[in-house]
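Asks: Sharing a structure here in structure tokens format.
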Amino acid sequence: MKVSDQLLNRITAGLVAVIIGFSSSIALIYQVVITLGGTPDLVASWILMLGLVMGTTSIGLSYYYKVPVLIAWSTTGAALLISSAQGYNLNEAIGAFMLSALLVFLSGVTGWFEKIMNRIPSELACAMLAGVLVTFGIDVFNFMNDMPLVIGLMVVMYFIGKRFFARFAMLSVLIIGVLLAWQMGHIDTSALHWKMSEFAYIEPVFHLQACISIGLPLYIVTMTSQNLPGIAVLKAHKYKAPISASLNVTGFVNMLSAPFGAYSINLAAITAAICMSDEADENPDKRYWASIAGGVFYILMALCAATLVGLVASLPQALILALAGIALFGTIANSLQQALSSTKYTEAAIVTFLVTASNLTLLSVGSAFWGIIAGVLTLLITQKD
């Protein structure tokens, strides 16, 4: 493969990952800020800080460890905050964000989370990953009800690309999807205008009830629904995950940046999987450059936050989620194959997959955590000495 082709693939993977990660949950962050009494300008400030910290940590960790580590904001954390943050003000919420970040940092320093993860069989980690991602694959075809021609042609283009120009398959899907959606009037950019984002400092107030109601649930959700799948992605792709180091870095940076709106950052899972796919680079040892490219795009996104909030809002949600699902076809297939590769773990892997893919939520903790728990329990019960 030519050097120029490799570079383009890495850039494309990083760009697609950032577009999907940014657009899939920007509405949640907007709602969190409004719930806490903020303004649309404050939303842009939060995106500015989040983009900068996600970009710099993604670049730093990926380059230092030569592993495709992509950092993201906590999507499930944002969803949780919409309900749990009601009744509290911005200052109290910031204090709770800092407590959550401190707990993540302590999890890395003590190393307890890494020890637990290293004892989980890779087959169960792959099954959990497949369960997390399978919904995105299914949604590709569900969203055909909304945009049958656009998404249908995106799927066709993906398979044509895989057959004749595999290195540019996802780039082709991205281009054809956006062009068709624009041509058919699904994208409205008439209200877009350039506006520079500005930092907004919010003084933290450490309110005990807010820390208990916001900080502790945010920490639990971030660890179980975000960092856990993020580590599973790395393990499923045979990378040695820098678990404790990543928690140290994200927790410490999060504490410093929380007063500027970085409510929670963590290891990415779904978007990280895009940077670890064959389309990113045929050589697994070089795929970390795709995460570095993603980090660069995060920073560019941050600098243009005020304008990009409007730009992404103009893209159809069905198009964004379909793009994510198509980009993850290969990862879903590989994860299922690895999860079922050993007869010793077949039943436990299937249980892990099914529970994770379900909508199960217990004690405000999502299905990814309970999927691993169910798989481990199945393994302990059925395993013969």
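Identifiers in the structure tokens: chain A, B, ... in order shown; residue index from 1 per chain; ligand index from 1 in order shown.
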Each residue of range 71-107 of chain A with at least one atom at most 6 Å from range 196-216 of chain A should appear once, together with its nearest atom pair and the corresponding distance in Å (one decimal); atoms considered: only C-alpha atoms; ordering: chain, then increasing residue number; output as JSON lines.
Replies:
```
{"residue": "A:Ser84", "atom": "CA", "partner": "A:Ile214", "partner_atom": "CA", "distance": 5.9}
{"residue": "A:Asn91", "atom": "CA", "partner": "A:Pro204", "partner_atom": "CA", "distance": 4.8}
{"residue": "A:Glu92", "atom": "CA", "partner": "A:Val205", "partner_atom": "CA", "distance": 4.8}
{"residue": "A:Ile94", "atom": "CA", "partner": "A:Pro204", "partner_atom": "CA", "distance": 5.1}
{"residue": "A:Gly95", "atom": "CA", "partner": "A:Pro204", "partner_atom": "CA", "distance": 4.6}
{"residue": "A:Ala96", "atom": "CA", "partner": "A:Gly215", "partner_atom": "CA", "distance": 4.3}
{"residue": "A:Phe97", "atom": "CA", "partner": "A:Gly215", "partner_atom": "CA", "distance": 5.7}
{"residue": "A:Leu99", "atom": "CA", "partner": "A:Gly215", "partner_atom": "CA", "distance": 5.8}
{"residue": "A:Ser100", "atom": "CA", "partner": "A:Gly215", "partner_atom": "CA", "distance": 4.9}
```
Asks: Save the residues we just selected, all heavy atoms, as a PDB file, in the first residue's frame?
Replies:
```pdb
ATOM      1  N   SER A  84     -30.435  13.092  36.861  1.00  0.00           N
ATOM      2  CA  SER A  84     -29.875  13.183  38.217  1.00  0.00           C
ATOM      3  C   SER A  84     -29.474  14.594  38.610  1.00  0.00           C
ATOM      4  O   SER A  84     -29.377  14.911  39.795  1.00  0.00           O
ATOM      5  CB  SER A  84     -28.662  12.252  38.345  1.00  0.00           C
ATOM      6  OG  SER A  84     -27.603  12.668  37.503  1.00  0.00           O
ATOM      7  N   ASN A  91     -22.717  25.250  39.720  1.00  0.00           N
ATOM      8  CA  ASN A  91     -21.588  25.189  40.644  1.00  0.00           C
ATOM      9  C   ASN A  91     -21.564  23.872  41.417  1.00  0.00           C
ATOM     10  O   ASN A  91     -20.511  23.251  41.578  1.00  0.00           O
ATOM     11  CB  ASN A  91     -21.642  26.365  41.625  1.00  0.00           C
ATOM     12  CG  ASN A  91     -21.711  27.705  40.926  1.00  0.00           C
ATOM     13  OD1 ASN A  91     -22.797  28.147  40.575  1.00  0.00           O
ATOM     14  ND2 ASN A  91     -20.573  28.345  40.703  1.00  0.00           N
ATOM     15  N   GLU A  92     -22.721  23.453  41.875  1.00  0.00           N
ATOM     16  CA  GLU A  92     -22.811  22.181  42.601  1.00  0.00           C
ATOM     17  C   GLU A  92     -22.514  21.002  41.684  1.00  0.00           C
ATOM     18  O   GLU A  92     -21.860  20.033  42.095  1.00  0.00           O
ATOM     19  CB  GLU A  92     -24.199  22.041  43.221  1.00  0.00           C
ATOM     20  CG  GLU A  92     -24.484  23.065  44.310  1.00  0.00           C
ATOM     21  CD  GLU A  92     -25.940  23.140  44.701  1.00  0.00           C
ATOM     22  OE1 GLU A  92     -26.785  22.651  43.914  1.00  0.00           O
ATOM     23  OE2 GLU A  92     -26.250  23.700  45.774  1.00  0.00           O
ATOM     24  N   ILE A  94     -20.525  21.034  39.035  1.00  0.00           N
ATOM     25  CA  ILE A  94     -19.090  21.016  38.764  1.00  0.00           C
ATOM     26  C   ILE A  94     -18.330  20.331  39.901  1.00  0.00           C
ATOM     27  O   ILE A  94     -17.407  19.542  39.687  1.00  0.00           O
ATOM     28  CB  ILE A  94     -18.560  22.452  38.560  1.00  0.00           C
ATOM     29  CG1 ILE A  94     -19.165  23.072  37.301  1.00  0.00           C
ATOM     30  CG2 ILE A  94     -17.028  22.448  38.457  1.00  0.00           C
ATOM     31  CD1 ILE A  94     -18.858  22.335  36.015  1.00  0.00           C
ATOM     32  N   GLY A  95     -18.710  20.619  41.141  1.00  0.00           N
ATOM     33  CA  GLY A  95     -18.087  19.947  42.276  1.00  0.00           C
ATOM     34  C   GLY A  95     -18.276  18.437  42.201  1.00  0.00           C
ATOM     35  O   GLY A  95     -17.355  17.666  42.494  1.00  0.00           O
ATOM     36  N   ALA A  96     -19.475  18.004  41.798  1.00  0.00           N
ATOM     37  CA  ALA A  96     -19.749  16.576  41.658  1.00  0.00           C
ATOM     38  C   ALA A  96     -18.931  15.965  40.517  1.00  0.00           C
ATOM     39  O   ALA A  96     -18.445  14.837  40.621  1.00  0.00           O
ATOM     40  CB  ALA A  96     -21.240  16.359  41.415  1.00  0.00           C
ATOM     41  N   PHE A  97     -18.761  16.719  39.421  1.00  0.00           N
ATOM     42  CA  PHE A  97     -17.935  16.234  38.308  1.00  0.00           C
ATOM     43  C   PHE A  97     -16.494  15.997  38.771  1.00  0.00           C
ATOM     44  O   PHE A  97     -15.863  15.001  38.389  1.00  0.00           O
ATOM     45  CB  PHE A  97     -17.924  17.249  37.159  1.00  0.00           C
ATOM     46  CG  PHE A  97     -19.265  17.520  36.534  1.00  0.00           C
ATOM     47  CD1 PHE A  97     -19.461  18.630  35.732  1.00  0.00           C
ATOM     48  CD2 PHE A  97     -20.347  16.666  36.762  1.00  0.00           C
ATOM     49  CE1 PHE A  97     -20.689  18.886  35.154  1.00  0.00           C
ATOM     50  CE2 PHE A  97     -21.589  16.919  36.174  1.00  0.00           C
ATOM     51  CZ  PHE A  97     -21.761  18.040  35.378  1.00  0.00           C
ATOM     52  N   LEU A  99     -15.484  15.288  41.796  1.00  0.00           N
ATOM     53  CA  LEU A  99     -15.438  14.106  42.651  1.00  0.00           C
ATOM     54  C   LEU A  99     -15.414  12.837  41.809  1.00  0.00           C
ATOM     55  O   LEU A  99     -14.622  11.917  42.070  1.00  0.00           O
ATOM     56  CB  LEU A  99     -16.660  14.081  43.575  1.00  0.00           C
ATOM     57  CG  LEU A  99     -16.845  12.780  44.377  1.00  0.00           C
ATOM     58  CD1 LEU A  99     -15.695  12.586  45.352  1.00  0.00           C
ATOM     59  CD2 LEU A  99     -18.191  12.763  45.091  1.00  0.00           C
ATOM     60  N   SER A 100     -16.245  12.768  40.788  1.00  0.00           N
ATOM     61  CA  SER A 100     -16.267  11.606  39.896  1.00  0.00           C
ATOM     62  C   SER A 100     -14.902  11.399  39.248  1.00  0.00           C
ATOM     63  O   SER A 100     -14.395  10.272  39.176  1.00  0.00           O
ATOM     64  CB  SER A 100     -17.342  11.803  38.809  1.00  0.00           C
ATOM     65  OG  SER A 100     -17.296  10.761  37.856  1.00  0.00           O
TER      66      SER A 100
END
```
Asks: Write out as a ChimeraX atom specification all residues of range 107-237 of chain A that backbone DSSP assigns to alpha helix (DSSP H).
Replies: /A:107-110,112-118,122-142,148-164,169-183,208-210,216-221,228-236
Asks: Quick one: residues within 9 Å of Val132 in chain A, only C-alpha atoms, excluding same-chain residues fewer than 5 positions away - as a list in words?
Replies: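 Returned residues: Ala127, Pro229, Ala269, Ile270, Phe353, Thr356, Ala357, Ser367 and Ala368 of chain A.
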Asks: Could you write those residues out with C-alpha atoms, as a short mmCIF file (atom, residue, chain, number, x, y, z; two decimals), in the first residue's frame?
Replies:
```cif
data_model
loop_
_atom_site.label_atom_id
_atom_site.label_comp_id
_atom_site.auth_asym_id
_atom_site.auth_seq_id
_atom_site.Cartn_x
_atom_site.Cartn_y
_atom_site.Cartn_z
CA ALA A 127 -18.95 -11.03 23.60
CA PRO A 229 -16.39 -1.51 26.96
CA ALA A 269 -15.53 2.03 22.71
CA ILE A 270 -17.67 2.29 19.59
CA PHE A 353 -23.70 -11.07 24.47
CA THR A 356 -25.26 -6.70 26.97
CA ALA A 357 -27.38 -6.33 23.83
CA SER A 367 -26.30 -3.63 30.42
CA ALA A 368 -22.57 -3.78 29.54
#
```
Asks: Go through A:Asn227, A:Ser244, A:Gln317, A:Thr110 and flag the residue nearest Ile19 in chain A, using only C-alpha atoms for the distances.
Replies: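 So, comparing all the options, the nearest one is A:Gln317.
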Asks: Give me, please, the distance in Å between CA of Met184 in chain A and CA of Ile26 in chain A, quoted to one decimal.
Replies: 24.1 Å
Asks: Give the answer as one residue: which of A:Gln383, A:Thr307, A:Asn248, A:Ser277 has the shortest atom-to-atom distance to Leu102 in chain A, using only C-alpha atoms?
Replies: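 Nearest to Leu102 in chain A: A:Asn248.
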Asks: Would you kindly return, as a ChimeraX atom specification, each protein, DNA or RNA residue with an atom no farther than 9 Å from any atom of Leu336 in chain A, considering only C-alpha atoms and excluding same-chain residues fewer than 4 positions away?
Replies: /A:123,126-127,129-131,331-332,340-341,353
Asks: Please produce a file of the residues just selected, as a short mmCIF file (atom, residue, chain, number, x, y, z; two decimals), in the first residue's frame, where the atoms kept are N, CA and C atoms.
Replies:
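Okay, out23.cif is ready:
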```cif
data_model
loop_
_atom_site.label_atom_id
_atom_site.label_comp_id
_atom_site.auth_asym_id
_atom_site.auth_seq_id
_atom_site.Cartn_x
_atom_site.Cartn_y
_atom_site.Cartn_z
N GLU A 123 -12.73 -14.02 25.64
CA GLU A 123 -13.96 -14.39 24.94
C GLU A 123 -15.17 -13.63 25.48
N CYS A 126 -14.94 -10.01 24.32
CA CYS A 126 -15.38 -9.90 22.91
C CYS A 126 -16.89 -9.99 22.80
N ALA A 127 -17.49 -10.88 23.62
CA ALA A 127 -18.95 -11.03 23.60
C ALA A 127 -19.63 -9.74 24.07
N LEU A 129 -18.35 -6.72 23.85
CA LEU A 129 -18.15 -5.75 22.79
C LEU A 129 -19.17 -5.94 21.69
N ALA A 130 -19.38 -7.20 21.28
CA ALA A 130 -20.36 -7.49 20.22
C ALA A 130 -21.75 -7.06 20.67
N GLY A 131 -22.08 -7.27 21.95
CA GLY A 131 -23.38 -6.88 22.46
C GLY A 131 -23.57 -5.37 22.47
N THR A 331 -16.13 -5.11 12.73
CA THR A 331 -15.79 -5.29 14.14
C THR A 331 -16.80 -6.20 14.83
N ILE A 332 -18.09 -6.05 14.51
CA ILE A 332 -19.11 -6.91 15.09
C ILE A 332 -18.87 -8.36 14.71
N LEU A 340 -16.93 -16.79 20.26
CA LEU A 340 -17.37 -18.18 20.13
C LEU A 340 -16.25 -19.10 19.65
N SER A 341 -15.02 -18.64 19.75
CA SER A 341 -13.89 -19.42 19.23
C SER A 341 -13.52 -20.60 20.11
N PHE A 353 -23.25 -11.78 25.66
CA PHE A 353 -23.70 -11.07 24.47
C PHE A 353 -25.17 -10.66 24.58
#
```
Asks: Give me the residues near Lys235 in chain A as a list in words, where near means some atom within 8 Å (using only C-alpha atoms) and where sequence neighbours in that chain fewer than 3 positions away do not count.
Replies: Ser122, Ala125, Cys126, Ile231, Ala232, Lys238, Tyr239, Lys240 and Ala241 of chain A
Asks: For range 54-63 of chain A, find every residue with an atom within 6 Å (counting only C-alpha atoms), except residues of its own chain fewer than 5 positions away, and show them as a PyMOL selection string.
Replies: chain A and resi 68-72+288+292+295-296+298-299
Asks: Which polymer residues have any atom within 10 Å of an atom of Gly87 in chain A, counting only C-alpha atoms, with same-chain residues fewer than 6 positions away left out, as number ranges by chain?
Replies: A: 35-37, 210
Asks: Write the residues you've just listed into a file as a JSON list (two decimals), in the first residue's frame, and include N, CA and C atoms for each of them.
Replies:
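What landed in result_1.json:
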```
[["chain", "number", "residue", "atom", "x", "y", "z"],
["A", 35, "THR", "N", -30.50, 21.96, 31.53],
["A", 35, "THR", "CA", -31.08, 21.45, 32.78],
["A", 35, "THR", "C", -30.45, 22.12, 33.99],
["A", 36, "LEU", "N", -29.15, 22.41, 33.89],
["A", 36, "LEU", "CA", -28.42, 23.03, 35.00],
["A", 36, "LEU", "C", -28.53, 24.56, 35.00],
["A", 37, "GLY", "N", -29.31, 25.09, 34.06],
["A", 37, "GLY", "CA", -29.53, 26.53, 34.02],
["A", 37, "GLY", "C", -28.57, 27.28, 33.13],
["A", 210, "ALA", "N", -25.26, 16.79, 46.33],
["A", 210, "ALA", "CA", -24.97, 16.79, 44.89],
["A", 210, "ALA", "C", -23.89, 15.77, 44.57]]
```
Asks: Identify which of the residues A:Gly185, A:Gly14, A:Pro242, A:Pro217 lies closest to Asn118 in chain A, counting only C-alpha atoms when measuring atom-to-atom distances.
Replies: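 Smallest separation from Asn118 in chain A among the options: A:Pro242.
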Asks: Work out how far CA of Leu328 in chain A is from CA of Leu133 in chain A, in Å to one decimal.
Replies: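 Atom-to-atom, CA of Leu133 in chain A and CA of Leu328 in chain A are spaced 7.3 Å apart.
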Asks: Dump as a tab-separated table the rows for residues of range 74-144 of chain A within 12 Å of range 154-175 of chain A: closest atom pair and distance in Å with one decimal, only C-alpha atoms counted, ordered by chain and rising residue number.
Replies:
```
residue	atom	partner	partner_atom	distance
A:Gly137	CA	A:Val155	CA	11.1
A:Val140	CA	A:Val155	CA	8.4
A:Phe141	CA	A:Val155	CA	9.2
A:Phe143	CA	A:Val155	CA	11.8
A:Met144	CA	A:Val155	CA	10.2
```
Asks: Output C-alpha atoms for every residue in that selection, as a PDB file, in the first residue's frame.
Replies:
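Writing done, so here's part_21.pdb:
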```pdb
ATOM      1  CA  GLY A 137     -25.492  -2.723  13.121  1.00  0.00           C
ATOM      2  CA  VAL A 140     -28.533   0.571   9.895  1.00  0.00           C
ATOM      3  CA  PHE A 141     -31.516  -1.373   8.578  1.00  0.00           C
ATOM      4  CA  PHE A 143     -33.184   3.609   9.806  1.00  0.00           C
ATOM      5  CA  MET A 144     -33.904   2.559   6.236  1.00  0.00           C
TER       6      MET A 144
END
```
Asks: Hey, can you check how far CA of Asp139 in chain A sits from CA of Ala327 in chain A?
Replies: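 We find that CA of Asp139 in chain A and CA of Ala327 in chain A lie 12.3 Å from each other.
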